Structures are given as C-alpha cells and as structure tokens.
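Structure file query-v4.cif with mmCIF, C-alpha atoms:
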data_run
#
loop_
_atom_site.label_atom_id
_atom_site.label_comp_id
_atom_site.auth_asym_id
_atom_site.auth_seq_id
_atom_site.Cartn_x
_atom_site.Cartn_y
_atom_site.Cartn_z
CA MET A 176 14.21 115.57 40.97
CA LYS A 177 16.59 113.15 39.23
CA ASN A 178 18.85 113.22 42.29
CA ARG A 179 16.00 112.33 44.65
CA VAL A 180 16.10 109.11 46.65
CA PHE A 181 12.91 107.39 47.88
CA THR A 182 12.06 105.26 50.91
CA THR A 183 10.18 101.98 50.46
CA GLY A 184 7.07 103.69 51.84
CA GLU A 185 7.29 106.46 49.25
CA VAL A 186 7.81 103.94 46.45
CA ALA A 187 4.80 101.98 47.72
CA THR A 188 2.61 105.08 47.52
CA ILE A 189 3.86 105.96 44.02
CA CYS A 190 3.36 102.42 42.69
CA GLY A 191 0.10 101.72 44.53
CA VAL A 192 1.38 98.67 46.44
CA SER A 193 2.32 97.85 50.03
CA ALA A 194 5.68 98.70 51.56
CA ASP A 195 6.24 94.96 52.06
CA THR A 196 5.89 94.42 48.32
CA VAL A 197 8.50 97.10 47.61
CA SER A 198 10.84 95.52 50.17
CA ARG A 199 10.42 92.18 48.40
CA TRP A 200 11.20 93.77 45.02
CA PHE A 201 14.32 95.27 46.58
CA ASP A 202 15.46 92.07 48.31
CA LEU A 203 14.96 90.04 45.12
CA GLY A 204 17.02 92.53 43.13
CA GLN A 205 14.07 93.50 40.94
CA ILE A 206 14.54 97.18 41.76
CA ASP A 207 17.96 98.72 42.28
CA GLY A 208 18.86 100.62 45.44
CA TYR A 209 21.01 100.56 48.54
CA ARG A 210 20.78 100.32 52.32
CA LEU A 211 21.76 102.95 54.87
CA GLY A 212 24.44 100.85 56.52
CA PRO A 213 24.38 97.07 57.14
CA GLY A 214 20.77 95.99 57.50
CA GLY A 215 19.63 99.62 57.38
CA ASP A 216 16.65 101.21 55.70
CA ARG A 217 16.32 100.68 51.96
CA ARG A 218 16.71 103.62 49.59
CA ILE A 219 15.77 103.68 45.90
CA PRO A 220 17.15 106.39 43.55
CA TYR A 221 14.83 108.20 41.14
CA GLU A 222 16.34 106.72 37.97
CA SER A 223 16.12 103.17 39.37
CA LEU A 224 12.46 103.66 40.28
CA ARG A 225 11.63 105.21 36.91
CA LYS A 226 13.35 102.36 35.04
CA PHE A 227 11.47 99.79 37.14
CA MET A 228 8.11 101.50 36.56
CA LEU A 229 8.66 101.70 32.81
CA SER A 230 9.68 98.05 32.54
CA HIS A 231 6.63 96.91 34.53
CA GLY A 232 4.09 99.16 32.83
CA ILE A 233 3.41 101.25 35.95
CA PRO A 234 2.19 104.79 35.01
CA LEU A 235 4.73 107.51 35.75
CA GLU A 236 2.21 110.20 36.72
CA ARG A 237 2.71 109.90 40.49
CA LEU A 238 6.48 109.78 40.15
CA GLU A 239 6.54 112.89 38.00
CA GLU A 240 4.04 114.95 39.98
CA GLY A 241 5.58 118.31 40.73
CA GLU A 242 8.48 117.69 38.35
CA LEU A 243 8.90 120.33 35.65
CA ARG A 244 10.56 118.64 32.68
CA ILE A 245 12.41 120.85 30.21
CA LEU A 246 13.93 119.68 26.93
CA VAL A 247 16.61 121.90 25.36
CA VAL A 248 17.09 121.29 21.63
CA ASP A 249 20.03 123.01 19.93
CA ASP A 250 22.92 121.93 17.69
CA ASP A 251 25.21 124.63 19.12
CA PRO A 252 27.30 123.05 21.92
CA TYR A 253 27.51 126.40 23.71
CA TYR A 254 23.77 126.77 24.17
CA LEU A 255 23.36 123.04 24.80
CA ASP A 256 25.71 123.51 27.75
CA ILE A 257 24.84 126.96 29.09
CA ILE A 258 21.03 126.69 29.07
CA PRO A 259 20.84 123.45 31.13
CA SER A 260 23.50 124.74 33.53
CA ILE A 261 21.41 127.87 34.14
CA LEU A 262 18.05 126.12 34.51
CA SER A 263 19.39 123.26 36.64
CA ARG A 264 19.97 125.75 39.44
CA GLU A 265 16.24 125.51 40.09
CA GLU A 266 15.62 122.30 42.02
CA GLU A 267 12.16 121.66 40.54
CA TYR A 268 13.47 121.68 36.94
CA SER A 269 14.53 118.40 35.34
CA VAL A 270 16.51 119.40 32.25
CA MET A 271 17.23 117.14 29.26
CA THR A 272 19.04 117.91 26.00
CA ALA A 273 18.99 116.92 22.34
CA SER A 274 21.21 118.17 19.51
CA THR A 275 19.00 117.16 16.55
CA GLY A 276 15.33 117.22 15.66
CA PHE A 277 15.36 113.42 15.40
CA ASP A 278 16.74 113.00 18.93
CA ALA A 279 14.29 115.62 20.18
CA GLY A 280 11.40 113.57 18.83
CA ALA A 281 12.56 110.49 20.69
CA MET A 282 13.03 112.45 23.92
CA VAL A 283 9.57 113.99 23.62
CA VAL A 284 7.94 110.58 23.21
CA GLU A 285 9.82 109.11 26.17
CA HIS A 286 9.60 112.01 28.63
CA ASN A 287 6.62 114.22 27.60
CA PRO A 288 8.34 117.48 28.66
CA GLN A 289 6.16 120.39 29.78
CA LEU A 290 8.53 122.90 28.13
CA VAL A 291 10.78 122.66 25.07
CA ILE A 292 13.42 125.30 24.34
CA LEU A 293 13.85 124.82 20.62
CA ASP A 294 16.41 126.26 18.23
CA ILE A 295 14.73 127.15 14.94
CA HIS A 296 17.71 126.18 12.76
CA LEU A 297 18.79 122.61 13.55
CA SER A 298 21.29 120.64 11.50
CA ASP A 299 18.85 117.92 10.43
CA MET A 300 15.48 119.69 10.22
CA ASP A 301 13.65 122.98 10.66
CA GLY A 302 12.65 123.64 14.27
CA ARG A 303 9.23 124.76 13.08
CA MET A 304 8.57 121.21 11.86
CA VAL A 305 9.67 119.84 15.24
CA CYS A 306 7.29 122.25 16.96
CA GLU A 307 4.36 121.16 14.81
CA ARG A 308 5.04 117.50 15.59
CA ILE A 309 5.22 118.15 19.33
CA LYS A 310 1.96 120.11 19.30
CA GLY A 311 0.39 117.43 17.11
CA ARG A 312 0.78 114.73 19.78
CA ALA A 313 -2.12 114.35 22.19
CA GLU A 314 0.33 113.84 25.06
CA THR A 315 2.25 117.06 24.37
CA ARG A 316 -0.28 119.37 22.73
CA ASN A 317 -0.14 121.60 25.83
CA THR A 318 3.65 121.58 26.02
CA ARG A 319 5.03 125.12 25.99
CA ILE A 320 7.61 125.78 23.29
CA LEU A 321 10.14 128.61 23.48
CA GLY A 322 11.81 129.25 20.14
CA ILE A 323 15.36 130.60 20.03
CA SER A 324 17.38 131.86 17.07
CA GLY A 325 19.72 134.62 15.99
CA PHE A 326 18.76 134.49 12.32
CA LEU A 327 15.05 135.32 12.02
CA GLU A 328 13.52 138.47 10.59
CA ASP A 329 10.74 140.19 12.55
CA GLN A 330 8.01 138.84 10.26
CA GLU A 331 9.35 135.30 10.59
CA ILE A 332 9.20 135.68 14.36
CA THR A 333 5.60 136.84 14.18
CA ASP A 334 4.76 133.81 12.01
CA LEU A 335 6.14 131.35 14.59
CA GLU A 336 2.84 131.36 16.45
CA GLU A 337 1.22 129.66 13.47
CA TYR A 338 3.52 126.66 13.99
CA GLY A 339 2.63 126.41 17.68
CA PHE A 340 5.43 128.36 19.37
CA ASP A 341 4.42 130.02 22.63
CA ASP A 342 7.30 132.48 22.92
CA PHE A 343 10.59 133.49 21.31
CA LEU A 344 14.01 134.75 22.39
CA ARG A 345 16.57 136.13 20.00
CA LYS A 346 20.12 134.87 20.45
CA PRO A 347 22.20 135.96 22.25
CA PHE A 348 20.07 136.64 25.33
CA LYS A 349 20.62 137.42 29.00
CA ILE A 350 20.52 134.75 31.67
CA ASP A 351 17.87 136.52 33.72
CA GLU A 352 15.67 136.94 30.66
CA LEU A 353 15.83 133.22 29.89
CA THR A 354 14.92 132.24 33.45
CA ALA A 355 12.10 134.80 33.55
CA ARG A 356 10.60 133.55 30.27
CA VAL A 357 10.80 129.92 31.40
CA ALA A 358 9.06 130.72 34.70
CA GLU A 359 6.40 132.71 32.85
CA LEU A 360 5.73 129.91 30.38
CA PHE A 361 5.11 127.44 33.18
CA GLU A 362 2.58 129.83 34.72
CA ARG A 363 0.90 130.96 31.51
CA PRO A 364 -2.63 129.64 30.89
CA ASN A 365 -2.73 130.62 27.22
CA SER A 366 -0.35 130.72 24.30
CA ARG A 367 1.30 134.04 23.43
CA LEU A 368 4.25 134.90 21.24
CA SER A 369 6.32 137.72 22.67
CA ARG A 370 8.20 140.23 20.61
CA PRO A 371 11.96 139.60 20.80
CA ARG A 372 14.29 141.70 22.90
CA ARG A 373 17.87 142.29 21.84
CA ASN A 374 20.04 141.22 24.78
CA SER A 375 23.11 139.11 25.27
CA PHE A 376 24.72 136.78 27.82
#

As structure tokens:
Amino acid sequence: MKNRVFTTGEVATICGVSADTVSRWFDLGQIDGYRLGPGGDRRIPYESLRKFMLSHGIPLERLEEGELRILVVDDDPYYLDIIPSILSREEEYSVMTASTGFDAGAMVVEHNPQLVILDIHLSDMDGRMVCERIKGRAETRNTRILGISGFLEDQEITDLEEYGFDDFLRKPFKIDELTARVAELFERPNSRLSRPRRNSF
C-alpha cells in the first residue's frame, strides 16, 4: 500500500473533492507528486497523499480502506528485521516497526494499527503494559495483539489474556506459523489466546 501511486481522480474520491481541485493542489505545489512525461497525467504517491491529508485535517479512513497495518515491536534487531521482511511479502500488509515501548506508543497513536506483534520483554518497559495501553485506547481497543517471547513459563502465557493479548508465539518460531497466525488474527471475530508451539525459524 505504501508503494501505491494515485491518479488525481482517485485522490479526489478519497478526499471528497473534485478532480480539478486536486489538480490545482498539485499545480500549486500543495501536494507532492510527479507527471508521466512532460505535460502528462499527474501521479501522487501514497506517502505524499497521507502527509497532505494529515496536515489539512482530512480523515484517513478512505485512504486506509483495505490496508492492513501491522506494527512489530521488539528490541532484538533480528526479529525487527526478519518479521517485517516476511510479512511484507503480502501486498495488503503495511508493516511498521518500533524497538521500544515508548516508540510503539507513538506509532500506535499515529497509525492505529489493526495488529501489533509485541515482544513481552522490551528494554524500556514490560510488553504487558504496552498491551494494556493499546487496548485501553478507544481507537485501538479492537486491535489484535500477538505476544512473542522465549522467556515465559506456561502459566505466564496463560495469564497474557488478562492483559489483552489475543495470541502468543514462543520464540523461536517458524515462518509459516507466523504468517498463519497473522492471517488468522485478521479473520478472528473474538479474542483467543492460543497455547504456544515449540518451533524455530
């Protein structure tokens, strides 16, 4: 989704204005984009449109329709690299990352992800606290949260549901298991915490 480029007509529909208005924004340099050759059709990249909408108070709902936003929160560089690289293979997933609970909070407020993959043991705070804060926001109370850790006892895993976690994977885990859990969480109508399975990449 972040690599998508829009026509002026598509931008007009998203913003609820006429195509002529969008062309004027473009020609005045109010919204960034490019032309397809000299004097060609205007094209506006996703990030340019999103920045413009945010700065002008235009709701993002129409822009983000159909976009599945995932936030990966982990202080381990390996998982912060491998998980997004795996999930980004799916075109409908827009994957963001954060390495601390503090940064995760800022990302959640700005992007309202539908799914958060959250390491329980972060360097600056307990992931369970992060989960509670996400579920405590009206905008993200329905956000699915997949906990990940290699250091929890079985009873601690069972207790995660009380903090708002929807599922759990024990590190290390297999690629296909991660992708299957993510797909299942997007489809799931109700919260459920799965028992962990002992697998590895």

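Candidate residues A:Val270, A:Ala355, A:Gly184, A:Glu285 were compared for distance to A:Lys226, and the nearest is A:Glu285, using all atoms listed in the file.
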
Item to check | A:Ser298 environment, 10 Å, only C-alpha atoms, sequence neighbours closer than 2 positions dropped, as a PyMOL selection string | outcome: chain A and resi 249-251+274-276+295-296+300-302

Next on the checklist: What would the selection look like, as a VMD selection string, if the PyMOL selection byres ((chain A and resi 243-246) around 12) were run on the coordinates I just shared?
Outcome noted: chain A and resid 176 to 177 238 to 242 247 to 249 255 258 to 259 262 to 263 265 to 276 278 to 294 309 315 318 to 322 357 to 358 360 to 362

Item to check | Interatomic distance (Å, one decimal) between atom CA of A:Ala313 and atom CA of A:Glu337 | outcome: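 For atom CA of A:Ala313 relative to atom CA of A:Glu337, the distance reads 17.9 Å.
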
Once you count only C-alpha atoms, which residues end up no further than 7 Å from (18.2, 110.1, 46.3) in the file's frame, shown as a PDB file with C-alpha atoms, in the frame of the given file?
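Once written, part.pdb looks like this:
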ATOM      1  CA  ASN A 178      18.850 113.220  42.290  1.00  0.00           C
ATOM      2  CA  ARG A 179      16.000 112.330  44.650  1.00  0.00           C
ATOM      3  CA  VAL A 180      16.100 109.110  46.650  1.00  0.00           C
ATOM      4  CA  PHE A 181      12.910 107.390  47.880  1.00  0.00           C
ATOM      5  CA  ILE A 219      15.770 103.680  45.900  1.00  0.00           C
ATOM      6  CA  PRO A 220      17.150 106.390  43.550  1.00  0.00           C
ATOM      7  CA  TYR A 221      14.830 108.200  41.140  1.00  0.00           C
TER       8      TYR A 221
END

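Atom CA of A:Leu203 is positioned 25.3 Å from atom CA of A:Glu236.
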
Checklist entry - Nearest to A:Asp341: which of A:Ser324, A:Ser260, A:Asn317, A:Thr354 is it, counting only C-alpha atoms? => result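 Among A:Ser324, A:Ser260, A:Asn317, A:Thr354, it is A:Asn317 that comes nearest to A:Asp341.
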
Next on the checklist: Need the shell around A:Gly191: protein/DNA/RNA residues with any atom at most 12 Å away, counting all atoms listed in the file. Skip same-chain ones fewer than 5 positions apart. Format as a PyMOL selection string?
Outcome noted: chain A and resi 183-186+196-197+228+233-238

Item to check | Long-range neighbours of A:Ser230 as a PyMOL selection string, 12 Å cut-off, only C-alpha atoms, 6 positions minimum in chain | outcome: chain A and resi 205-206+223-224

Checklist entry - Which of these, A:Asp256, A:Trp200, A:Gly215, A:Asp195, has the shortest distance to A:His231 once you count all atoms listed in the file? => result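 Looking at the shortest contact to A:His231, the residue is A:Trp200.
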
Checklist outcome for this item: With distances taken over all atoms listed in the file, the candidate from A:Leu327, A:Ile261, A:Met304, A:Leu297 nearest A:Ile350 is A:Ile261

Checklist outcome for this item: Expressed in Å, the length from atom CA of A:Pro347 to atom CA of A:Arg308 is 26.1 Å

Output as a PDB file, in the frame of the given file: stretch 303-318 of chain A, completed with N, CA and C atoms.
ATOM      1  N   ARG A 303      10.672 124.546  13.200  1.00  0.00           N
ATOM      2  CA  ARG A 303       9.230 124.760  13.080  1.00  0.00           C
ATOM      3  C   ARG A 303       8.498 123.443  12.833  1.00  0.00           C
ATOM      4  N   MET A 304       9.148 122.539  12.097  1.00  0.00           N
ATOM      5  CA  MET A 304       8.570 121.210  11.860  1.00  0.00           C
ATOM      6  C   MET A 304       8.542 120.410  13.157  1.00  0.00           C
ATOM      7  N   VAL A 305       9.621 120.531  13.945  1.00  0.00           N
ATOM      8  CA  VAL A 305       9.670 119.840  15.240  1.00  0.00           C
ATOM      9  C   VAL A 305       8.545 120.339  16.137  1.00  0.00           C
ATOM     10  N   CYS A 306       8.344 121.653  16.146  1.00  0.00           N
ATOM     11  CA  CYS A 306       7.290 122.250  16.960  1.00  0.00           C
ATOM     12  C   CYS A 306       5.923 121.716  16.566  1.00  0.00           C
ATOM     13  N   GLU A 307       5.653 121.660  15.282  1.00  0.00           N
ATOM     14  CA  GLU A 307       4.360 121.160  14.810  1.00  0.00           C
ATOM     15  C   GLU A 307       4.124 119.717  15.240  1.00  0.00           C
ATOM     16  N   ARG A 308       5.169 118.911  15.195  1.00  0.00           N
ATOM     17  CA  ARG A 308       5.040 117.500  15.590  1.00  0.00           C
ATOM     18  C   ARG A 308       4.775 117.373  17.079  1.00  0.00           C
ATOM     19  N   ILE A 309       5.438 118.195  17.883  1.00  0.00           N
ATOM     20  CA  ILE A 309       5.220 118.150  19.330  1.00  0.00           C
ATOM     21  C   ILE A 309       3.779 118.549  19.649  1.00  0.00           C
ATOM     22  N   LYS A 310       3.318 119.631  19.045  1.00  0.00           N
ATOM     23  CA  LYS A 310       1.960 120.110  19.300  1.00  0.00           C
ATOM     24  C   LYS A 310       0.911 119.177  18.712  1.00  0.00           C
ATOM     25  N   GLY A 311       1.323 118.353  17.743  1.00  0.00           N
ATOM     26  CA  GLY A 311       0.390 117.430  17.110  1.00  0.00           C
ATOM     27  C   GLY A 311       0.144 116.162  17.908  1.00  0.00           C
ATOM     28  N   ARG A 312       0.976 115.906  18.926  1.00  0.00           N
ATOM     29  CA  ARG A 312       0.780 114.730  19.780  1.00  0.00           C
ATOM     30  C   ARG A 312      -0.215 115.054  20.881  1.00  0.00           C
ATOM     31  N   ALA A 313      -1.128 114.128  21.130  1.00  0.00           N
ATOM     32  CA  ALA A 313      -2.120 114.350  22.190  1.00  0.00           C
ATOM     33  C   ALA A 313      -1.437 114.544  23.538  1.00  0.00           C
ATOM     34  N   GLU A 314      -0.350 113.785  23.772  1.00  0.00           N
ATOM     35  CA  GLU A 314       0.330 113.840  25.060  1.00  0.00           C
ATOM     36  C   GLU A 314       1.067 115.160  25.288  1.00  0.00           C
ATOM     37  N   THR A 315       1.443 115.850  24.210  1.00  0.00           N
ATOM     38  CA  THR A 315       2.250 117.060  24.370  1.00  0.00           C
ATOM     39  C   THR A 315       1.623 118.289  23.689  1.00  0.00           C
ATOM     40  N   ARG A 316       0.339 118.224  23.411  1.00  0.00           N
ATOM     41  CA  ARG A 316      -0.280 119.370  22.730  1.00  0.00           C
ATOM     42  C   ARG A 316      -0.282 120.632  23.596  1.00  0.00           C
ATOM     43  N   ASN A 317      -0.191 120.448  24.925  1.00  0.00           N
ATOM     44  CA  ASN A 317      -0.140 121.600  25.830  1.00  0.00           C
ATOM     45  C   ASN A 317       1.272 121.948  26.268  1.00  0.00           C
ATOM     46  N   THR A 318       2.250 121.267  25.711  1.00  0.00           N
ATOM     47  CA  THR A 318       3.650 121.580  26.020  1.00  0.00           C
ATOM     48  C   THR A 318       3.980 122.982  25.535  1.00  0.00           C
TER      49      THR A 318
END
